[in-house]
Structures are given as structure tokens and as C-alpha cells.
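Report on the following structure.
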Amino acid sequence: MARDEPHDGEGRSPGRAVAVFGGSDSLPGSPEYRDAYEVGRLLAIAGIAVVNGGYGGVMEASARGAREAGGHSIGVTTRAFRARPSANPFIETEHSEDDLFLRTRRLIETARAFIILPGKAGTLAELSFLWALQKADLLGPKPILVLGKVWEDLLRVLRTANLLEEEAAAATRVAGSPQEAVEAVTLSLQGSR
């Protein structure tokens with residue numbers, strides 16, 4: 001297997017998978033939950049697996065959307081979260097890592113692209129890590145899409161404060177809807193079956 005080929009951490013390729021990052025506290029019915037559900041559903045319809053952190057909120061919603069549309073969902077949980085012992089019920093395949101660093105690594109290695117919805121510190125850390133990998137030329141041609149106006153505003157603030165390199169900003173596409181995000185990912189993954 002090539003070094004940058006997505007895999008499930010055990011040497012097996014899950015095929016095409018997209019990581020969906022976002023807040024763990026988004027509730028059913030909230031805009032973030034609905035958007036994440038739609039992202040998962042549309043990815044499944046396109047034949048693309050969803051990989052996420054495996055717990056609640058955006059993670060549950062994207063896995064639920066994928067499963068209810070007949071797709072595959074992969075959850076990467078961590079034993080570091082003792083209060084959350086198992087994945088949400090919509091995760092088909094669960095991988096558990098010892099800590100957050102290994103969890104993030106597996107999520108990034110498994111995915112061929114990333115869709116980031118609103119979240120808090122963990123989501124921002126995941127996006128920042130993607131930018132750091134991209135800057136170091138370690139991410140490869142994996143697209144980064146952020147979904148929602150909050151990200152557009154944040155990108156503008158980070159660029160204005162000189163806290164984000166133009167290359168990272170240019171590599172990050174802002175999508176206005178789940179459909180736009182999934183269409184962009186699908187186009188970028190054409191020919192990578």
C-alpha cells in the first residue's frame with residue numbers, strides 16, 4: 001500500500017472514505033445535525049463511506065445519514081474518553097485508539113477528503129492539524145471543505161490577523177450547503193476508486 005493511500009489503520013483500504021468533522025453536542029433538529037445528516041446521506045448515495053469520531057452530534061448525524069441511505073460508516077473512537085465507552089448506534093465499523101492523537105491520525109489516514117462542519121475546540125484542532133499537514137506537504141491531494149458561514153468568517157479573521165498562510169486558506173474550500181460540499185468531494189475523487 002502506498003504511504004498516502006487511505007487505510008483503516010490495519011492495512012485494509014476502506015475504498016473511498018470522507019472524514020466528517022464537527023461538534024459532538026449538536027442535537028437532532030439543529031442546523032448542524034441536519035447538515036451532517038445530509039452530508040452522510042449524499043456521500044452514501046455517491047458510494048463514499050463516512051468516517052468520523054464515532055460519538056454524538058455531527059458524528060452521529062453523518063453516520064446516521066450514511067447508514068439510512070445504505071452506505072458505510074466508520075467510527076474512530078478513543079479509550080481516553082472513559083465517559084463515552086462506545087460508538088453511536090449508526091457506526092457500522094468501529095476502531096478504538098488509545099488517545100486523541102492516534103484517533104486523529106487514523107481519521108486523517110483513512111479519509112481521501114475532509115468535510116468540516118461547525119464544532120468547538122476539537123473540530124478547530126482537527127482543521128488546524130489538516131492545515132499544518134498541508135503546509136508541510138504531508139497531506140497529499142486530499143481536499144478540505146468547510147461547511148457554513150462560520151468558517152468563512154473564521155478564515156477571514158485568521159488571514160487578517162496573519163495566523164493562516166495563504167496556501168492553507170487557498171486549499172480550503174467553503175461550501176454553502178451539504179450538496180455543494182459533497183459535489184466538490186465527489187468531483188475531486190473521480191478516478192480514485
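By convention here, the chains of the C-alpha cells are called A, B, ... in the order presented, each chain's residues are numbered starting at 1, and ligands are numbered starting at 1 in the order presented.
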
DSSP on the backbone, then: every residue of chain A marked alpha helix (DSSP H), written as a ChimeraX atom specification.
/A:31-45,58-68,100-110,121-135,149-160,166-171,178-189

Write a file of the just-selected residues containing C-alpha atoms, as a JSON list (two decimals), in the first residue's frame.
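Result file selection06.json:
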[["chain", "number", "residue", "atom", "x", "y", "z"],
["A", 31, "PRO", "CA", -28.96, 23.06, 11.66],
["A", 32, "GLU", "CA", -25.57, 21.35, 12.17],
["A", 33, "TYR", "CA", -27.21, 17.96, 12.80],
["A", 34, "ARG", "CA", -29.42, 18.31, 9.71],
["A", 35, "ASP", "CA", -26.46, 19.37, 7.55],
["A", 36, "ALA", "CA", -24.30, 16.49, 8.84],
["A", 37, "TYR", "CA", -27.11, 14.00, 8.22],
["A", 38, "GLU", "CA", -27.45, 15.29, 4.65],
["A", 39, "VAL", "CA", -23.67, 15.11, 4.10],
["A", 40, "GLY", "CA", -23.68, 11.47, 5.22],
["A", 41, "ARG", "CA", -26.72, 10.63, 3.11],
["A", 42, "LEU", "CA", -25.29, 12.24, -0.02],
["A", 43, "LEU", "CA", -21.89, 10.62, 0.45],
["A", 44, "ALA", "CA", -23.58, 7.21, 0.75],
["A", 45, "ILE", "CA", -25.60, 7.80, -2.41],
["A", 58, "VAL", "CA", -22.28, 15.78, 13.91],
["A", 59, "MET", "CA", -20.59, 12.36, 14.11],
["A", 60, "GLU", "CA", -23.88, 10.59, 14.88],
["A", 61, "ALA", "CA", -25.78, 12.60, 12.27],
["A", 62, "SER", "CA", -23.35, 11.90, 9.41],
["A", 63, "ALA", "CA", -23.18, 8.20, 10.28],
["A", 64, "ARG", "CA", -26.96, 8.04, 10.54],
["A", 65, "GLY", "CA", -27.40, 9.72, 7.15],
["A", 66, "ALA", "CA", -24.93, 7.30, 5.58],
["A", 67, "ARG", "CA", -26.46, 4.18, 7.12],
["A", 68, "GLU", "CA", -30.05, 5.16, 6.39],
["A", 100, "LEU", "CA", -6.75, 11.61, 20.76],
["A", 101, "PHE", "CA", -3.54, 11.88, 18.75],
["A", 102, "LEU", "CA", -3.80, 8.34, 17.39],
["A", 103, "ARG", "CA", -7.52, 8.84, 16.79],
["A", 104, "THR", "CA", -6.88, 11.97, 14.73],
["A", 105, "ARG", "CA", -4.11, 10.25, 12.82],
["A", 106, "ARG", "CA", -6.35, 7.32, 11.88],
["A", 107, "LEU", "CA", -9.16, 9.64, 10.80],
["A", 108, "ILE", "CA", -6.80, 11.58, 8.55],
["A", 109, "GLU", "CA", -5.11, 8.47, 7.12],
["A", 110, "THR", "CA", -8.43, 6.76, 6.41],
["A", 121, "ALA", "CA", -12.09, 23.21, 20.16],
["A", 122, "GLY", "CA", -11.75, 19.62, 18.92],
["A", 123, "THR", "CA", -13.06, 20.47, 15.47],
["A", 124, "LEU", "CA", -10.82, 23.53, 15.24],
["A", 125, "ALA", "CA", -7.84, 21.40, 16.31],
["A", 126, "GLU", "CA", -8.61, 18.86, 13.57],
["A", 127, "LEU", "CA", -8.85, 21.60, 10.94],
["A", 128, "SER", "CA", -5.66, 23.25, 12.19],
["A", 129, "PHE", "CA", -3.85, 19.92, 12.02],
["A", 130, "LEU", "CA", -5.01, 19.45, 8.42],
["A", 131, "TRP", "CA", -3.61, 22.88, 7.59],
["A", 132, "ALA", "CA", -0.29, 22.03, 9.27],
["A", 133, "LEU", "CA", -0.04, 18.77, 7.30],
["A", 134, "GLN", "CA", -0.94, 20.59, 4.09],
["A", 135, "LYS", "CA", 1.72, 23.25, 4.72],
["A", 149, "LYS", "CA", -20.63, 30.79, 7.00],
["A", 150, "VAL", "CA", -18.91, 30.49, 10.39],
["A", 151, "TRP", "CA", -15.88, 29.03, 8.62],
["A", 152, "GLU", "CA", -15.84, 31.78, 6.01],
["A", 153, "ASP", "CA", -15.81, 34.34, 8.82],
["A", 154, "LEU", "CA", -13.08, 32.47, 10.72],
["A", 155, "LEU", "CA", -10.87, 32.16, 7.63],
["A", 156, "ARG", "CA", -11.17, 35.89, 7.04],
["A", 157, "VAL", "CA", -10.22, 36.68, 10.67],
["A", 158, "LEU", "CA", -7.26, 34.27, 10.62],
["A", 159, "ARG", "CA", -5.95, 35.70, 7.34],
["A", 160, "THR", "CA", -6.40, 39.29, 8.53],
["A", 166, "GLU", "CA", -2.47, 31.98, 2.13],
["A", 167, "GLU", "CA", -1.66, 28.48, 0.85],
["A", 168, "ALA", "CA", -3.74, 26.89, 3.62],
["A", 169, "ALA", "CA", -6.57, 29.33, 3.06],
["A", 170, "ALA", "CA", -6.45, 28.69, -0.68],
["A", 171, "ALA", "CA", -6.52, 24.92, -0.10],
["A", 178, "PRO", "CA", -24.20, 19.87, 2.10],
["A", 179, "GLN", "CA", -24.91, 19.36, -1.60],
["A", 180, "GLU", "CA", -22.13, 21.75, -2.60],
["A", 181, "ALA", "CA", -19.67, 20.08, -0.23],
["A", 182, "VAL", "CA", -20.43, 16.55, -1.42],
["A", 183, "GLU", "CA", -20.41, 17.57, -5.10],
["A", 184, "ALA", "CA", -16.95, 19.10, -4.65],
["A", 185, "VAL", "CA", -15.66, 15.99, -2.88],
["A", 186, "THR", "CA", -17.20, 13.67, -5.47],
["A", 187, "LEU", "CA", -15.58, 15.60, -8.31],
["A", 188, "SER", "CA", -12.19, 15.52, -6.58],
["A", 189, "LEU", "CA", -12.43, 11.76, -6.02]]

Report as a VMD selection string: the residues of range 20-161 of chain A with a DSSP assignment of strand (DSSP E), based on the backbone of this structure.
chain A and resid 20 to 21 49 to 52 73 to 78 93 to 97 113 to 116 144 to 147

Selection file, C-alpha atoms, as a PDB file, in the first residue's frame:
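This is the output file out.pdb:
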ATOM      1  CA  VAL A  20     -16.689  14.379   8.555  1.00  0.00           C
ATOM      2  CA  PHE A  21     -15.547  16.548  11.460  1.00  0.00           C
ATOM      3  CA  ALA A  49     -18.009   5.840   3.090  1.00  0.00           C
ATOM      4  CA  VAL A  50     -18.258   8.234   6.031  1.00  0.00           C
ATOM      5  CA  VAL A  51     -15.502   8.160   8.643  1.00  0.00           C
ATOM      6  CA  ASN A  52     -15.791  10.221  11.797  1.00  0.00           C
ATOM      7  CA  SER A  73     -19.931   4.374   8.348  1.00  0.00           C
ATOM      8  CA  ILE A  74     -16.625   4.046  10.178  1.00  0.00           C
ATOM      9  CA  GLY A  75     -16.175   5.434  13.679  1.00  0.00           C
ATOM     10  CA  VAL A  76     -12.770   6.076  15.205  1.00  0.00           C
ATOM     11  CA  THR A  77     -13.264   6.322  18.950  1.00  0.00           C
ATOM     12  CA  THR A  78     -10.753   6.609  21.764  1.00  0.00           C
ATOM     13  CA  THR A  93     -17.267  -0.378  11.817  1.00  0.00           C
ATOM     14  CA  GLU A  94     -15.608   0.912  14.986  1.00  0.00           C
ATOM     15  CA  HIS A  95     -11.898   1.354  15.581  1.00  0.00           C
ATOM     16  CA  SER A  96     -10.752   2.420  19.036  1.00  0.00           C
ATOM     17  CA  GLU A  97      -7.466   4.215  19.626  1.00  0.00           C
ATOM     18  CA  ALA A 113     -11.135  14.173   1.710  1.00  0.00           C
ATOM     19  CA  PHE A 114     -12.481  16.179   4.643  1.00  0.00           C
ATOM     20  CA  ILE A 115     -15.761  17.978   5.260  1.00  0.00           C
ATOM     21  CA  ILE A 116     -15.736  20.106   8.395  1.00  0.00           C
ATOM     22  CA  ILE A 144     -10.511  20.246   2.698  1.00  0.00           C
ATOM     23  CA  LEU A 145     -14.058  21.607   2.631  1.00  0.00           C
ATOM     24  CA  VAL A 146     -15.610  23.665   5.394  1.00  0.00           C
ATOM     25  CA  LEU A 147     -19.389  23.877   5.534  1.00  0.00           C
TER      26      LEU A 147
END

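CA of Gly119 in chain A is found 17.4 Å from CA of Val18 in chain A.
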
How many Å lie between CA of Gly57 in chain A and CA of Leu139 in chain A, rounded to one decimal?
26.2 Å

One number please: CA of Leu138 in chain A to CA of Gly15 in chain A, in Å, one decimal.
20.3 Å

Compare A:Gly71, A:Gly47, A:Pro89, A:Pro143 by their minimum atom-to-atom distance to Arg16 in chain A, counting only C-alpha atoms, and give me the closest one.
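Looking at the shortest contact to Arg16 in chain A, the residue is A:Gly47.
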
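Among the candidate residues A:Gly148, A:Pro118, A:Gly56, A:Gly176, the one lying nearest to Phe90 in chain A is A:Gly56, with distances computed using only C-alpha atoms.
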